[in-house]
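Colleague: What follows is work09.cif, made up of mmCIF, N, CA, C and O atoms:
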```
data_run
loop_
_atom_site.label_atom_id
_atom_site.label_comp_id
_atom_site.auth_asym_id
_atom_site.auth_seq_id
_atom_site.Cartn_x
_atom_site.Cartn_y
_atom_site.Cartn_z
N MET A 1 -6.11 9.16 22.52
CA MET A 1 -5.99 8.22 21.41
C MET A 1 -5.53 6.87 21.97
O MET A 1 -4.61 6.81 22.78
N ALA A 2 -6.13 5.82 21.49
CA ALA A 2 -5.82 4.47 21.97
C ALA A 2 -4.51 3.96 21.35
O ALA A 2 -4.10 4.41 20.27
N LEU A 3 -3.91 3.01 22.04
CA LEU A 3 -2.64 2.44 21.58
C LEU A 3 -2.76 1.79 20.20
O LEU A 3 -1.89 1.94 19.35
N HIS A 4 -3.88 1.10 19.96
CA HIS A 4 -4.04 0.46 18.65
C HIS A 4 -4.18 1.49 17.53
O HIS A 4 -3.75 1.25 16.41
N ASP A 5 -4.74 2.65 17.83
CA ASP A 5 -4.81 3.72 16.83
C ASP A 5 -3.41 4.25 16.51
O ASP A 5 -3.09 4.49 15.35
N LEU A 6 -2.60 4.42 17.54
CA LEU A 6 -1.21 4.88 17.32
C LEU A 6 -0.42 3.87 16.50
O LEU A 6 0.35 4.25 15.61
N ALA A 7 -0.63 2.57 16.77
CA ALA A 7 0.06 1.52 16.00
C ALA A 7 -0.35 1.60 14.53
O ALA A 7 0.49 1.51 13.63
N GLY A 8 -1.64 1.77 14.27
CA GLY A 8 -2.11 1.87 12.90
C GLY A 8 -1.58 3.09 12.17
O GLY A 8 -1.19 3.02 11.01
N ILE A 9 -1.52 4.21 12.88
CA ILE A 9 -0.98 5.43 12.29
C ILE A 9 0.50 5.28 11.98
O ILE A 9 0.96 5.62 10.89
N LEU A 10 1.25 4.75 12.94
CA LEU A 10 2.68 4.54 12.72
C LEU A 10 2.92 3.58 11.56
O LEU A 10 3.79 3.81 10.71
N GLY A 11 2.15 2.51 11.49
CA GLY A 11 2.27 1.56 10.38
C GLY A 11 2.00 2.22 9.04
O GLY A 11 2.73 2.01 8.07
N SER A 12 0.96 3.04 9.00
CA SER A 12 0.64 3.75 7.75
C SER A 12 1.75 4.70 7.35
O SER A 12 2.09 4.82 6.16
N VAL A 13 2.33 5.38 8.32
CA VAL A 13 3.44 6.31 8.05
C VAL A 13 4.65 5.54 7.52
O VAL A 13 5.31 5.98 6.57
N LEU A 14 4.94 4.38 8.12
CA LEU A 14 6.09 3.58 7.66
C LEU A 14 5.90 3.11 6.22
O LEU A 14 6.82 3.20 5.40
N ILE A 15 4.71 2.61 5.90
CA ILE A 15 4.45 2.11 4.55
C ILE A 15 4.50 3.24 3.53
O ILE A 15 5.22 3.16 2.53
N THR A 16 3.74 4.30 3.77
CA THR A 16 3.69 5.39 2.78
C THR A 16 4.98 6.20 2.77
O THR A 16 5.40 6.66 1.71
N GLY A 17 5.60 6.35 3.92
CA GLY A 17 6.86 7.09 3.97
C GLY A 17 7.98 6.40 3.22
O GLY A 17 8.73 7.03 2.48
N SER A 18 8.08 5.07 3.39
CA SER A 18 9.12 4.35 2.66
C SER A 18 8.84 4.34 1.16
O SER A 18 9.77 4.41 0.35
N TYR A 19 7.58 4.29 0.80
CA TYR A 19 7.23 4.34 -0.63
C TYR A 19 7.59 5.71 -1.21
O TYR A 19 8.12 5.81 -2.31
N LEU A 20 7.32 6.76 -0.45
CA LEU A 20 7.69 8.11 -0.89
C LEU A 20 9.21 8.21 -1.07
O LEU A 20 9.69 8.74 -2.09
N LEU A 21 9.96 7.71 -0.09
CA LEU A 21 11.42 7.75 -0.20
C LEU A 21 11.91 6.98 -1.42
O LEU A 21 12.86 7.39 -2.09
N LEU A 22 11.26 5.86 -1.72
CA LEU A 22 11.62 5.09 -2.91
C LEU A 22 11.37 5.91 -4.18
O LEU A 22 12.22 5.98 -5.06
N GLN A 23 10.22 6.56 -4.25
CA GLN A 23 9.87 7.35 -5.44
C GLN A 23 10.76 8.58 -5.59
O GLN A 23 11.01 9.01 -6.72
N LEU A 24 11.25 9.11 -4.48
CA LEU A 24 12.13 10.27 -4.53
C LEU A 24 13.59 9.90 -4.76
O LEU A 24 14.45 10.76 -4.88
N GLY A 25 13.87 8.60 -4.83
CA GLY A 25 15.23 8.15 -5.05
C GLY A 25 16.09 8.17 -3.79
O GLY A 25 17.31 8.03 -3.88
N ARG A 26 15.48 8.32 -2.63
CA ARG A 26 16.23 8.35 -1.37
C ARG A 26 16.38 6.96 -0.76
O ARG A 26 17.10 6.78 0.20
N MET A 27 15.66 6.00 -1.33
CA MET A 27 15.72 4.62 -0.88
C MET A 27 15.66 3.74 -2.12
O MET A 27 15.07 4.12 -3.12
N ARG A 28 16.31 2.59 -2.04
CA ARG A 28 16.29 1.66 -3.16
C ARG A 28 15.56 0.39 -2.76
O ARG A 28 15.64 -0.04 -1.61
N ALA A 29 14.86 -0.20 -3.70
CA ALA A 29 14.10 -1.42 -3.43
C ALA A 29 15.01 -2.61 -3.15
O ALA A 29 14.55 -3.60 -2.59
N ASP A 30 16.28 -2.52 -3.53
CA ASP A 30 17.19 -3.64 -3.29
C ASP A 30 17.98 -3.47 -1.98
O ASP A 30 18.96 -4.16 -1.76
N GLN A 31 17.54 -2.58 -1.13
CA GLN A 31 18.12 -2.41 0.20
C GLN A 31 17.22 -3.08 1.23
O GLN A 31 15.99 -3.10 1.07
N VAL A 32 17.79 -3.59 2.29
CA VAL A 32 17.03 -4.29 3.32
C VAL A 32 15.99 -3.37 3.98
O VAL A 32 14.92 -3.82 4.38
N ALA A 33 16.27 -2.09 4.05
CA ALA A 33 15.35 -1.15 4.72
C ALA A 33 13.98 -1.13 4.06
O ALA A 33 12.97 -0.99 4.75
N TRP A 34 13.92 -1.27 2.75
CA TRP A 34 12.64 -1.18 2.03
C TRP A 34 11.65 -2.27 2.47
O TRP A 34 10.57 -1.94 2.96
N PRO A 35 11.96 -3.56 2.34
CA PRO A 35 10.98 -4.55 2.80
C PRO A 35 10.82 -4.57 4.32
O PRO A 35 9.75 -4.90 4.83
N LEU A 36 11.85 -4.19 5.04
CA LEU A 36 11.76 -4.17 6.50
C LEU A 36 10.76 -3.12 6.97
O LEU A 36 9.89 -3.41 7.81
N LEU A 37 10.84 -1.92 6.44
CA LEU A 37 9.90 -0.86 6.81
C LEU A 37 8.48 -1.19 6.37
O LEU A 37 7.52 -0.94 7.11
N ASN A 38 8.35 -1.76 5.19
CA ASN A 38 7.02 -2.14 4.71
C ASN A 38 6.42 -3.25 5.54
O ASN A 38 5.24 -3.21 5.88
N GLY A 39 7.21 -4.25 5.87
CA GLY A 39 6.72 -5.36 6.68
C GLY A 39 6.33 -4.92 8.08
O GLY A 39 5.29 -5.33 8.61
N LEU A 40 7.16 -4.08 8.69
CA LEU A 40 6.86 -3.57 10.02
C LEU A 40 5.60 -2.72 9.99
O LEU A 40 4.73 -2.82 10.86
N GLY A 41 5.49 -1.89 8.97
CA GLY A 41 4.29 -1.06 8.82
C GLY A 41 3.04 -1.90 8.68
O GLY A 41 2.02 -1.64 9.32
N ALA A 42 3.10 -2.94 7.85
CA ALA A 42 1.95 -3.82 7.66
C ALA A 42 1.59 -4.54 8.96
O ALA A 42 0.42 -4.67 9.30
N ALA A 43 2.59 -4.98 9.69
CA ALA A 43 2.33 -5.67 10.96
C ALA A 43 1.66 -4.73 11.97
O ALA A 43 0.75 -5.14 12.70
N LEU A 44 2.09 -3.48 12.00
CA LEU A 44 1.47 -2.52 12.92
C LEU A 44 0.02 -2.21 12.53
O LEU A 44 -0.86 -2.13 13.39
N VAL A 45 -0.24 -2.08 11.24
CA VAL A 45 -1.62 -1.85 10.80
C VAL A 45 -2.47 -3.08 11.12
O VAL A 45 -3.60 -2.96 11.60
N MET A 46 -1.92 -4.28 10.91
CA MET A 46 -2.65 -5.51 11.24
C MET A 46 -2.96 -5.57 12.74
O MET A 46 -4.07 -5.96 13.12
N ALA A 47 -2.01 -5.17 13.57
CA ALA A 47 -2.25 -5.16 15.01
C ALA A 47 -3.40 -4.23 15.37
O ALA A 47 -4.25 -4.56 16.21
N SER A 48 -3.44 -3.07 14.73
CA SER A 48 -4.52 -2.14 15.01
C SER A 48 -5.87 -2.69 14.54
O SER A 48 -6.91 -2.43 15.15
N LEU A 49 -5.84 -3.47 13.47
CA LEU A 49 -7.08 -4.05 12.95
C LEU A 49 -7.62 -5.18 13.82
O LEU A 49 -8.79 -5.54 13.71
N LEU A 50 -6.80 -5.72 14.67
CA LEU A 50 -7.28 -6.77 15.57
C LEU A 50 -8.26 -6.21 16.60
O LEU A 50 -9.11 -6.93 17.10
N VAL A 51 -8.15 -4.92 16.90
CA VAL A 51 -9.05 -4.28 17.85
C VAL A 51 -10.32 -3.80 17.16
O VAL A 51 -11.42 -4.01 17.64
N GLU A 52 -10.15 -3.14 16.04
CA GLU A 52 -11.29 -2.67 15.25
C GLU A 52 -11.18 -3.32 13.87
O GLU A 52 -10.62 -2.75 12.95
N PHE A 53 -11.72 -4.53 13.77
CA PHE A 53 -11.47 -5.38 12.61
C PHE A 53 -12.17 -4.89 11.35
O PHE A 53 -13.31 -4.43 11.37
N ASN A 54 -11.43 -5.01 10.24
CA ASN A 54 -11.93 -4.73 8.91
C ASN A 54 -11.30 -5.79 8.01
O ASN A 54 -10.08 -5.77 7.78
N LEU A 55 -12.11 -6.72 7.52
CA LEU A 55 -11.58 -7.86 6.79
C LEU A 55 -10.80 -7.46 5.54
O LEU A 55 -9.71 -7.97 5.29
N GLY A 56 -11.33 -6.54 4.77
CA GLY A 56 -10.65 -6.12 3.54
C GLY A 56 -9.27 -5.53 3.81
O GLY A 56 -8.29 -5.87 3.15
N ALA A 57 -9.20 -4.65 4.80
CA ALA A 57 -7.92 -4.04 5.15
C ALA A 57 -6.96 -5.07 5.73
O ALA A 57 -5.76 -5.04 5.45
N PHE A 58 -7.48 -6.01 6.52
CA PHE A 58 -6.64 -7.03 7.11
C PHE A 58 -6.03 -7.93 6.03
O PHE A 58 -4.85 -8.26 6.08
N ILE A 59 -6.83 -8.32 5.05
CA ILE A 59 -6.33 -9.15 3.95
C ILE A 59 -5.26 -8.40 3.17
O ILE A 59 -4.21 -8.97 2.83
N LEU A 60 -5.49 -7.13 2.90
CA LEU A 60 -4.49 -6.32 2.18
C LEU A 60 -3.18 -6.28 2.95
O LEU A 60 -2.11 -6.48 2.36
N GLU A 61 -3.23 -6.06 4.25
CA GLU A 61 -2.02 -5.99 5.06
C GLU A 61 -1.34 -7.35 5.18
O GLU A 61 -0.11 -7.42 5.26
N CYS A 62 -2.11 -8.44 5.17
CA CYS A 62 -1.52 -9.79 5.16
C CYS A 62 -0.67 -9.98 3.91
O CYS A 62 0.46 -10.46 3.99
N PHE A 63 -1.21 -9.61 2.77
CA PHE A 63 -0.45 -9.73 1.52
C PHE A 63 0.75 -8.79 1.53
O PHE A 63 1.83 -9.16 1.07
N TRP A 64 0.57 -7.57 2.02
CA TRP A 64 1.68 -6.60 2.08
C TRP A 64 2.81 -7.15 2.94
O TRP A 64 3.98 -7.05 2.58
N LEU A 65 2.46 -7.74 4.09
CA LEU A 65 3.46 -8.32 4.98
C LEU A 65 4.14 -9.52 4.30
O LEU A 65 5.37 -9.65 4.34
N LEU A 66 3.37 -10.39 3.68
CA LEU A 66 3.93 -11.56 3.01
C LEU A 66 4.88 -11.17 1.88
O LEU A 66 5.99 -11.71 1.78
N ILE A 67 4.48 -10.22 1.07
CA ILE A 67 5.33 -9.76 -0.03
C ILE A 67 6.62 -9.13 0.52
O ILE A 67 7.71 -9.36 0.00
N SER A 68 6.50 -8.37 1.60
CA SER A 68 7.68 -7.76 2.22
C SER A 68 8.63 -8.82 2.76
O SER A 68 9.85 -8.69 2.63
N LEU A 69 8.08 -9.87 3.37
CA LEU A 69 8.92 -10.95 3.88
C LEU A 69 9.63 -11.69 2.76
O LEU A 69 10.81 -12.04 2.89
N VAL A 70 8.94 -11.91 1.65
CA VAL A 70 9.58 -12.55 0.49
C VAL A 70 10.74 -11.70 -0.01
O VAL A 70 11.84 -12.20 -0.26
N GLY A 71 10.53 -10.40 -0.12
CA GLY A 71 11.59 -9.50 -0.56
C GLY A 71 12.75 -9.47 0.41
O GLY A 71 13.92 -9.47 0.00
N LEU A 72 12.45 -9.46 1.70
CA LEU A 72 13.51 -9.44 2.71
C LEU A 72 14.34 -10.71 2.67
O LEU A 72 15.57 -10.66 2.70
N VAL A 73 13.69 -11.84 2.56
CA VAL A 73 14.41 -13.12 2.49
C VAL A 73 15.29 -13.17 1.24
O VAL A 73 16.45 -13.59 1.30
N ARG A 74 14.77 -12.72 0.11
CA ARG A 74 15.57 -12.72 -1.13
C ARG A 74 16.79 -11.83 -0.99
O ARG A 74 17.88 -12.19 -1.45
N LEU A 75 16.64 -10.67 -0.35
CA LEU A 75 17.78 -9.77 -0.18
C LEU A 75 18.81 -10.35 0.78
O LEU A 75 20.02 -10.21 0.55
N LEU A 76 18.35 -10.99 1.83
CA LEU A 76 19.28 -11.55 2.81
C LEU A 76 20.02 -12.77 2.28
O LEU A 76 21.11 -13.08 2.75
N ARG A 77 19.46 -13.46 1.30
CA ARG A 77 20.11 -14.63 0.71
C ARG A 77 21.25 -14.24 -0.22
O ARG A 77 22.10 -15.07 -0.53
N ARG A 78 21.27 -13.01 -0.69
CA ARG A 78 22.33 -12.57 -1.62
C ARG A 78 23.66 -12.51 -0.95
O ARG A 78 23.92 -12.18 0.11
#
```
Mind turning this structure into structure tokens?
Modeller:
Amino acid sequence: MALHDLAGILGSVLITGSYLLLQLGRMRADQVAWPLLNGLGAALVMASLLVEFNLGAFILECFWLLISLVGLVRLLRR
């Protein structure tokens, strides 16, 4: 398995795993971990897409990363 595939898989696990933890009540959206894990996951998926590009997926991950950064900045300003 190539390194970019591993990055994409890890990114997907971070995004979906943190969302699962949120839904199970094990993580809160007002904690720094939530946008941090989502942003890192999106960045890893974006990195994998640079090797095997898919415009639709790349745009989705750009928005996911941007939204995560907005949430992280808002939490850190508190």
Colleague: Between A:Asp30, A:Asn38, A:His4, A:Arg77, single out the one closest to Leu50 in chain A, counting only N, CA, C and O atoms.
Modeller: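 Ranking A:Asp30, A:Asn38, A:His4, A:Arg77 by distance to Leu50 in chain A, first place goes to A:His4.
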Colleague: Using only C-alpha atoms, can you tell me which of A:Leu24, A:Val51, A:Val73, A:Leu14 comes closest to Ala2 in chain A?
Modeller: A:Val51
Colleague: Could you list as number ranges by chain every residue that has an atom within 12 Å of (-0.1, -0.6, 10.7), using the file's coordinates and counting only C-alpha atoms?
Modeller: A: 3-16, 37-50, 57-58, 60-62, 64-65
Colleague: Apply DSSP to the backbone of this structure and, from chain A, keep only the residues in alpha helix (DSSP H); write these as a ChimeraX atom specification.
Modeller: /A:3-23,33-51,55-77
Colleague: In Å, how far is it from atom O of Glu52 in chain A to atom O of Leu20 in chain A?
Modeller: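 If I compute the distance from atom O of Glu52 in chain A to atom O of Leu20 in chain A, I get 27.8 Å.
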Colleague: Calculate how many Å separate atom O of Gly17 in chain A from atom O of Ile67 in chain A, rounding to one decimal.
Modeller: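 Taking atom O of Gly17 in chain A as the start and atom O of Ile67 in chain A as the end point, the length is 16.6 Å.
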Colleague: Do you have the CA of Gln23 in chain A-CA of Arg78 in chain A distance handy?
Modeller: 23.8 Å
Colleague: Take the point (20.5, -7.8, -0.7) as written in the file and pick out every residue within 6 Å of it, counting only N, CA, C and O atoms; give the list as a list in words.
Modeller: Asp30, Gln31, Val32, Arg74, Leu75, Leu76 and Arg78 of chain A
Colleague: Convert the current residue selection to file output with N, CA, C and O atoms, as a short mmCIF file (atom, residue, chain, number, x, y, z; two decimals), in the frame of the given file.
Modeller:
```cif
data_model
loop_
_atom_site.label_atom_id
_atom_site.label_comp_id
_atom_site.auth_asym_id
_atom_site.auth_seq_id
_atom_site.Cartn_x
_atom_site.Cartn_y
_atom_site.Cartn_z
N ASP A 30 16.28 -2.52 -3.53
CA ASP A 30 17.19 -3.64 -3.29
C ASP A 30 17.98 -3.47 -1.98
O ASP A 30 18.96 -4.16 -1.76
N GLN A 31 17.54 -2.58 -1.13
CA GLN A 31 18.12 -2.41 0.20
C GLN A 31 17.22 -3.08 1.23
O GLN A 31 15.99 -3.10 1.07
N VAL A 32 17.79 -3.59 2.29
CA VAL A 32 17.03 -4.29 3.32
C VAL A 32 15.99 -3.37 3.98
O VAL A 32 14.92 -3.82 4.38
N ARG A 74 14.77 -12.72 0.11
CA ARG A 74 15.57 -12.72 -1.13
C ARG A 74 16.79 -11.83 -0.99
O ARG A 74 17.88 -12.19 -1.45
N LEU A 75 16.64 -10.67 -0.35
CA LEU A 75 17.78 -9.77 -0.18
C LEU A 75 18.81 -10.35 0.78
O LEU A 75 20.02 -10.21 0.55
N LEU A 76 18.35 -10.99 1.83
CA LEU A 76 19.28 -11.55 2.81
C LEU A 76 20.02 -12.77 2.28
O LEU A 76 21.11 -13.08 2.75
N ARG A 78 21.27 -13.01 -0.69
CA ARG A 78 22.33 -12.57 -1.62
C ARG A 78 23.66 -12.51 -0.95
O ARG A 78 23.92 -12.18 0.11
#
```
Colleague: I'd like the box whose edges run along x, y and z of the file and which contains every listed atom of range 49-65 of chain A, padded by 8 Å per side; could you state its centre and edge lengths in Å, one decimal, as AutoDock Vina command-line options?
Modeller:
```
--center_x -4.0 --center_y -6.6 --center_z 9.5 --size_x 34.7 --size_y 23.8 --size_z 32.8
```
Colleague: Considering only C-alpha atoms, state which residue in the set A:Leu21, A:Leu55, A:Trp34, A:Arg28 is at the smallest distance from Leu69 in chain A.
Modeller: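 Closest candidate: A:Trp34.
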